[in-house]
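Okay, input-v1.cif now, which holds mmCIF, C-alpha atoms:
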data_entry
loop_
_atom_site.label_atom_id
_atom_site.label_comp_id
_atom_site.auth_asym_id
_atom_site.auth_seq_id
_atom_site.Cartn_x
_atom_site.Cartn_y
_atom_site.Cartn_z
CA MET A 1 -0.84 28.08 5.39
CA THR A 2 1.88 29.92 3.49
CA LYS A 3 1.27 31.37 0.04
CA LEU A 4 3.57 28.73 -1.50
CA ARG A 5 1.65 25.88 0.13
CA ILE A 6 -1.67 27.33 -0.99
CA VAL A 7 -0.47 27.43 -4.60
CA ALA A 8 0.79 23.85 -4.38
CA ALA A 9 -2.49 22.66 -2.88
CA LEU A 10 -4.52 24.36 -5.59
CA ALA A 11 -2.35 22.83 -8.30
CA ALA A 12 -2.81 19.37 -6.80
CA SER A 13 -6.59 19.76 -6.60
CA VAL A 14 -6.82 20.89 -10.22
CA PHE A 15 -4.77 17.87 -11.34
CA ALA A 16 -6.98 15.55 -9.31
CA GLY A 17 -10.14 17.07 -10.77
CA SER A 18 -8.91 16.60 -14.30
CA PHE A 19 -8.59 12.84 -13.90
CA GLY A 20 -11.15 12.10 -11.20
CA VAL A 21 -8.40 11.03 -8.84
CA LEU A 22 -7.06 11.76 -5.42
CA ALA A 23 -3.55 13.10 -5.90
CA ALA A 24 -1.09 11.91 -3.28
CA PRO A 25 1.23 14.48 -1.70
CA ALA A 26 4.30 13.02 -3.43
CA GLN A 27 2.64 13.69 -6.77
CA ALA A 28 1.98 17.41 -6.18
CA ALA A 29 5.05 18.44 -8.18
CA ALA A 30 4.66 18.25 -11.94
CA PRO A 31 6.15 15.02 -13.35
CA LEU A 32 9.25 15.27 -15.49
CA LYS A 33 8.35 15.54 -19.16
CA VAL A 34 9.67 12.48 -20.99
CA LYS A 35 9.29 11.03 -24.46
CA ASN A 36 9.92 7.31 -23.84
CA VAL A 37 7.39 4.80 -22.54
CA VAL A 38 8.01 1.08 -22.00
CA LEU A 39 4.94 -1.14 -21.61
CA VAL A 40 5.01 -4.50 -19.82
CA HIS A 41 2.10 -6.93 -20.23
CA GLY A 42 0.93 -9.41 -17.63
CA ALA A 43 0.08 -13.08 -17.42
CA TRP A 44 -1.99 -14.83 -20.09
CA ALA A 45 -1.31 -12.03 -22.57
CA ASP A 46 1.31 -10.71 -24.97
CA GLY A 47 2.44 -7.31 -26.20
CA SER A 48 -0.62 -6.98 -28.43
CA SER A 49 -2.72 -6.32 -25.32
CA TRP A 50 -1.43 -2.72 -25.56
CA SER A 51 -2.53 -2.32 -29.18
CA LYS A 52 -5.29 0.18 -28.40
CA VAL A 53 -3.13 2.27 -26.06
CA ILE A 54 -0.01 2.48 -28.23
CA PRO A 55 -1.51 4.58 -31.08
CA ARG A 56 -2.81 7.11 -28.57
CA LEU A 57 0.62 7.50 -26.99
CA GLN A 58 2.32 7.71 -30.38
CA ALA A 59 -0.15 10.39 -31.49
CA ALA A 60 1.06 12.45 -28.52
CA GLY A 61 4.63 12.17 -29.81
CA LEU A 62 5.88 9.51 -27.42
CA HIS A 63 8.35 6.79 -28.36
CA VAL A 64 6.68 3.54 -27.26
CA THR A 65 8.15 0.08 -26.75
CA ALA A 66 6.04 -2.93 -25.75
CA VAL A 67 8.05 -5.68 -24.11
CA GLN A 68 7.32 -9.24 -25.23
CA ASN A 69 7.37 -10.55 -21.70
CA PRO A 70 8.42 -14.25 -21.81
CA LEU A 71 6.45 -15.18 -18.65
CA THR A 72 8.81 -18.09 -18.05
CA SER A 73 10.20 -16.73 -14.77
CA LEU A 74 10.46 -13.45 -12.90
CA GLU A 75 14.16 -13.32 -13.76
CA ASP A 76 13.52 -13.81 -17.49
CA SER A 77 10.79 -11.17 -17.53
CA VAL A 78 12.96 -8.69 -15.63
CA ALA A 79 15.82 -9.30 -18.08
CA ALA A 80 13.56 -8.69 -21.09
CA THR A 81 12.35 -5.41 -19.61
CA ARG A 82 15.88 -4.30 -18.73
CA ARG A 83 16.91 -4.90 -22.36
CA ALA A 84 14.04 -2.76 -23.60
CA LEU A 85 14.86 -0.03 -21.09
CA ALA A 86 18.53 -0.04 -22.09
CA GLU A 87 17.51 0.78 -25.66
CA GLN A 88 15.70 3.97 -24.66
CA ASP A 89 17.60 7.17 -25.39
CA GLY A 90 16.68 9.04 -22.24
CA PRO A 91 14.24 9.30 -19.32
CA THR A 92 11.48 6.70 -19.49
CA VAL A 93 8.15 5.92 -17.88
CA LEU A 94 7.58 2.23 -17.09
CA VAL A 95 4.01 0.95 -17.37
CA ALA A 96 2.65 -2.45 -16.39
CA HIS A 97 -0.57 -4.39 -16.44
CA SER A 98 -1.47 -7.15 -14.00
CA TRP A 99 1.48 -9.42 -13.10
CA GLY A 100 3.76 -7.08 -15.06
CA GLY A 101 3.63 -4.78 -12.03
CA THR A 102 5.98 -7.21 -10.30
CA VAL A 103 8.49 -6.64 -13.09
CA ILE A 104 8.44 -2.84 -13.08
CA SER A 105 8.65 -2.78 -9.28
CA GLU A 106 12.01 -4.54 -9.69
CA VAL A 107 13.29 -2.78 -12.83
CA GLY A 108 12.03 0.68 -11.92
CA THR A 109 14.99 1.46 -9.67
CA ASP A 110 17.01 2.10 -12.84
CA PRO A 111 18.06 5.79 -12.91
CA LYS A 112 16.58 6.14 -16.38
CA VAL A 113 13.07 5.54 -14.99
CA THR A 114 11.19 8.70 -13.99
CA GLY A 115 7.85 7.19 -13.04
CA LEU A 116 5.82 3.99 -12.75
CA VAL A 117 2.27 3.38 -13.96
CA TYR A 118 0.31 0.38 -12.72
CA ILE A 119 -2.81 -0.72 -14.62
CA ALA A 120 -4.81 -3.14 -12.42
CA ALA A 121 -1.40 -4.45 -11.49
CA ARG A 122 0.53 -6.16 -8.76
CA ALA A 123 2.90 -3.92 -6.82
CA PRO A 124 4.85 -6.05 -4.36
CA ASP A 125 7.21 -4.73 -1.74
CA ALA A 126 10.77 -6.01 -1.77
CA GLY A 127 10.87 -9.66 -0.73
CA GLU A 128 7.13 -9.72 -0.09
CA ASP A 129 5.07 -12.91 -0.29
CA PHE A 130 2.47 -11.47 -2.65
CA VAL A 131 0.44 -14.68 -2.72
CA ALA A 132 -0.06 -14.38 1.06
CA LEU A 133 -0.98 -10.72 0.71
CA SER A 134 -3.53 -11.39 -2.02
CA GLN A 135 -5.14 -14.11 0.08
CA LYS A 136 -6.26 -11.43 2.53
CA PHE A 137 -8.77 -10.36 -0.13
CA PRO A 138 -11.50 -12.50 -1.75
CA ALA A 139 -10.26 -14.21 -4.90
CA GLY A 140 -11.80 -13.26 -8.23
CA PRO A 141 -13.73 -15.89 -10.22
CA ALA A 142 -11.12 -15.87 -12.98
CA ARG A 143 -8.84 -17.96 -10.76
CA ALA A 144 -11.19 -20.93 -10.99
CA GLY A 145 -10.40 -21.10 -14.70
CA VAL A 146 -6.64 -21.47 -14.33
CA GLN A 147 -5.40 -24.64 -16.04
CA GLU A 148 -1.88 -26.03 -15.58
CA HIS A 149 0.01 -28.21 -18.05
CA ASP A 150 3.69 -29.10 -17.72
CA GLY A 151 4.31 -26.25 -15.29
CA PHE A 152 2.60 -23.58 -17.42
CA THR A 153 -0.81 -22.06 -16.90
CA THR A 154 -3.54 -20.76 -19.18
CA LEU A 155 -7.09 -19.59 -18.58
CA SER A 156 -10.00 -21.65 -19.82
CA GLU A 157 -12.01 -20.03 -22.58
CA ASP A 158 -15.02 -19.57 -20.34
CA ALA A 159 -13.00 -17.87 -17.57
CA PHE A 160 -11.04 -15.76 -20.04
CA LEU A 161 -14.10 -14.38 -21.81
CA LYS A 162 -16.37 -13.97 -18.76
CA TYR A 163 -13.96 -12.84 -16.07
CA PHE A 164 -10.55 -11.89 -17.49
CA ALA A 165 -11.88 -9.93 -20.47
CA ASN A 166 -15.19 -8.75 -19.02
CA GLY A 167 -16.11 -5.39 -20.52
CA VAL A 168 -14.19 -6.10 -23.74
CA ASP A 169 -16.28 -6.56 -26.87
CA PRO A 170 -16.73 -10.30 -27.56
CA LYS A 171 -14.92 -10.31 -30.91
CA THR A 172 -11.82 -8.67 -29.46
CA ALA A 173 -11.98 -10.86 -26.36
CA LYS A 174 -11.90 -14.01 -28.49
CA VAL A 175 -8.83 -12.73 -30.35
CA LEU A 176 -7.09 -12.05 -27.04
CA TYR A 177 -8.00 -15.53 -25.86
CA ALA A 178 -6.45 -17.00 -29.01
CA VAL A 179 -3.13 -15.23 -28.42
CA GLN A 180 -2.93 -15.68 -24.63
CA TRP A 181 0.63 -16.58 -23.68
CA PRO A 182 1.21 -19.61 -21.42
CA THR A 183 2.51 -18.42 -18.08
CA ALA A 184 4.83 -20.38 -15.81
CA ALA A 185 3.00 -21.35 -12.64
CA SER A 186 6.11 -20.49 -10.63
CA ILE A 187 6.14 -16.78 -11.49
CA PHE A 188 3.21 -15.93 -9.25
CA ALA A 189 5.23 -16.76 -6.14
CA GLY A 190 8.34 -14.92 -7.38
CA ARG A 191 9.66 -12.26 -5.01
CA THR A 192 11.35 -9.03 -5.99
CA THR A 193 14.55 -7.72 -4.46
CA ALA A 194 13.42 -4.09 -4.80
CA ALA A 195 10.25 -1.99 -4.80
CA ALA A 196 10.87 1.01 -7.03
CA TRP A 197 7.62 2.67 -5.99
CA HIS A 198 9.24 3.61 -2.69
CA SER A 199 11.48 6.08 -4.51
CA LYS A 200 9.77 6.82 -7.85
CA PRO A 201 6.50 8.71 -8.48
CA SER A 202 3.72 6.24 -9.18
CA TRP A 203 0.30 6.21 -10.82
CA TYR A 204 -2.36 3.51 -10.48
CA ALA A 205 -5.52 2.67 -12.44
CA VAL A 206 -7.94 0.59 -10.37
CA SER A 207 -10.43 -1.55 -12.31
CA LYS A 208 -13.65 -1.37 -10.32
CA GLN A 209 -15.14 -4.42 -12.06
CA ASP A 210 -12.00 -6.57 -11.94
CA TYR A 211 -12.68 -10.30 -11.54
CA THR A 212 -9.01 -11.27 -11.72
CA ILE A 213 -7.36 -9.05 -9.09
CA ASN A 214 -9.63 -7.91 -6.30
CA PRO A 215 -10.33 -4.14 -6.71
CA ASP A 216 -9.84 -3.65 -2.96
CA LEU A 217 -6.38 -5.20 -3.24
CA GLU A 218 -5.66 -2.77 -6.06
CA ARG A 219 -6.82 0.12 -3.86
CA PHE A 220 -4.62 -1.13 -1.03
CA LEU A 221 -1.59 -1.27 -3.30
CA ALA A 222 -2.24 2.18 -4.73
CA LYS A 223 -2.62 3.70 -1.28
CA ARG A 224 0.46 1.93 0.05
CA MET A 225 2.65 3.32 -2.73
CA ASN A 226 1.12 6.79 -2.35
CA ALA A 227 0.15 6.67 -6.03
CA THR A 228 -1.92 9.13 -7.98
CA THR A 229 -4.97 6.94 -8.47
CA VAL A 230 -7.86 6.77 -10.92
CA GLU A 231 -10.77 4.34 -10.64
CA LEU A 232 -12.16 3.04 -13.93
CA GLU A 233 -15.52 1.44 -14.63
CA ALA A 234 -13.74 -1.48 -16.26
CA GLY A 235 -12.77 -5.10 -15.88
CA HIS A 236 -9.23 -6.42 -15.64
CA LEU A 237 -8.39 -5.48 -19.24
CA SER A 238 -9.01 -1.74 -18.92
CA LEU A 239 -6.11 -1.17 -21.33
CA VAL A 240 -8.35 -2.77 -23.98
CA SER A 241 -11.82 -1.61 -22.91
CA GLN A 242 -10.86 1.94 -21.87
CA PRO A 243 -7.66 2.77 -23.77
CA ASP A 244 -8.30 6.53 -23.77
CA LYS A 245 -8.36 6.74 -19.98
CA VAL A 246 -5.39 4.42 -19.60
CA ALA A 247 -3.44 6.45 -22.16
CA ASP A 248 -4.38 9.67 -20.35
CA LEU A 249 -2.90 8.35 -17.10
CA ILE A 250 0.31 7.35 -18.88
CA LEU A 251 0.51 10.77 -20.56
CA ALA A 252 0.13 12.41 -17.16
CA ALA A 253 3.00 10.32 -15.79
CA ALA A 254 5.08 11.35 -18.81
CA GLY A 255 4.40 15.03 -18.11
CA GLN A 256 2.43 15.47 -21.33
CA HIS A 257 -0.59 17.14 -19.69
CA GLU A 258 -0.18 20.81 -18.93
#
Take the structure in the file and write it out as structure tokens.
Amino acid sequence: MTKLRIVAALAASVFAGSFGVLAAPAQAAAPLKVKNVVLVHGAWADGSSWSKVIPRLQAAGLHVTAVQNPLTSLEDSVAATRRALAEQDGPTVLVAHSWGGTVISEVGTDPKVTGLVYIAARAPDAGEDFVALSQKFPAGPARAGVQEHDGFTTLSEDAFLKYFANGVDPKTAKVLYAVQWPTAASIFAGRTTAAAWHSKPSWYAVSKQDYTINPDLERFLAKRMNATTVELEAGHLSLVSQPDKVADLILAAAGQHE
């Protein structure tokens, strides 16, 4: 092994040790330092789901924008995220939770985007039938609580509190249930035309106790995209129950960790 490769390998192992992750080869180079972060929430949620992460990012000097994802269609959600991205004044890291990963996989090809961070999120390939892919893994119990009315879905209170927000303190979980945003049933079958993770550095936070998206599916997605991956002892809403660790991963993607 050449001296240069030895140095690179050591740097990668130090980075992995800092976050308890396995650093993929594509992540060995230090990420570009950026100041803008755009956050995209998932189904049955709104922008307030990032409320514990945002102050931590702002304290590090980052400019943070949380998209109010309409959840009416993939096209509408992509358009809302593109508008938020257009307002950033320079290089930007895109971050998504849950279904929002579909959105950043599409929008992330924008040249302004330097990296993608997936928090217990979908990460479809271009044109992929993600419903068929997810069916290769056992479904989480949260799915049994999906209720549909006039083409829009919500989670029952029991499913939301027990399975969607497991690990979140009960008082906070009930607030999140009260503000859950109805989600069009059609968006789950929506297919992207691009998969930005093929060309952009990616980071992934697996929720080991996720009852909404199977943790093994999350691991599959992270490995497929060659992402720098951290596994959290958390349920689906790790951005609420473990905001420090989620913020740390985003800061790493933004080049804020030396």
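Here CA of Pro215 in chain A stands at a distance of 9.2 Å from CA of Phe137 in chain A.
Shell of range 89-102 of chain A at 6 Å, with all atoms listed in the file counted and residues fewer than 2 places along the chain excluded, is Val34, Asn36, Val37, Val38, Leu39, Val40, His41, Gly42, Ala43, Ile104, Ser105, Lys112, Val113, Thr114, Gly115, Leu116, Val117, Tyr118, Ile119, Ala120, Ala121, Arg122 and Ala123 of chain A.
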Problem - Residues matched by the PyMOL selection byres ((chain A and resi 223-239) around 7), written as an NGL selection string - result: :A and (19-24 or 27 or 50 or 53 or 120 or 164-167 or 197-198 or 202-212 or 219-222 or 240-243 or 246)
Handout entry: Residues selected by the PyMOL selection byres ((chain A and resi 192) around 10), written as an NGL selection string
Key = :A and (74-75 or 78 or 102-107 or 123-130 or 189-191 or 193-195)
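Each of A:Glu148, A:Asp76, A:Asp216, A:Asp110 was checked against Ser199 in chain A using all atoms listed in the file; the smallest atom-to-atom distance is that of A:Asp110.
Atom pair CA of Phe160 in chain A / CA of Ala142 in chain A has a distance of 7.1 Å (rounded to one decimal).
Among the candidate residues A:Gly151, A:Asn69, A:Leu161, A:Lys33, the one lying nearest to Ala45 in chain A is A:Asn69, with distances computed using only C-alpha atoms.
In this model, the gap between CA of Thr154 in chain A and CA of Gln180 in chain A comes to 7.5 Å.
Using all atoms listed in the file, the smallest distance between any of A:Ala139, A:Phe188, A:Ser48, A:Lys200 and Val175 in chain A comes from A:Ser48.
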Exercise for the section: Could you check which of A:Pro170, A:Leu217, A:Ala254, A:Thr81 is closest to Ser134 in chain A, using only C-alpha atoms? Expected result: A:Leu217
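This file gives the following result for the PyMOL selection byres ((chain A and resi 61) around 12): Lys33, Val34, Lys35, Asn36, Val37, Ile54, Pro55, Arg56, Leu57, Gln58, Ala59, Ala60, Leu62, His63, Val64, Leu251, Ala254 and Gln256 of chain A.
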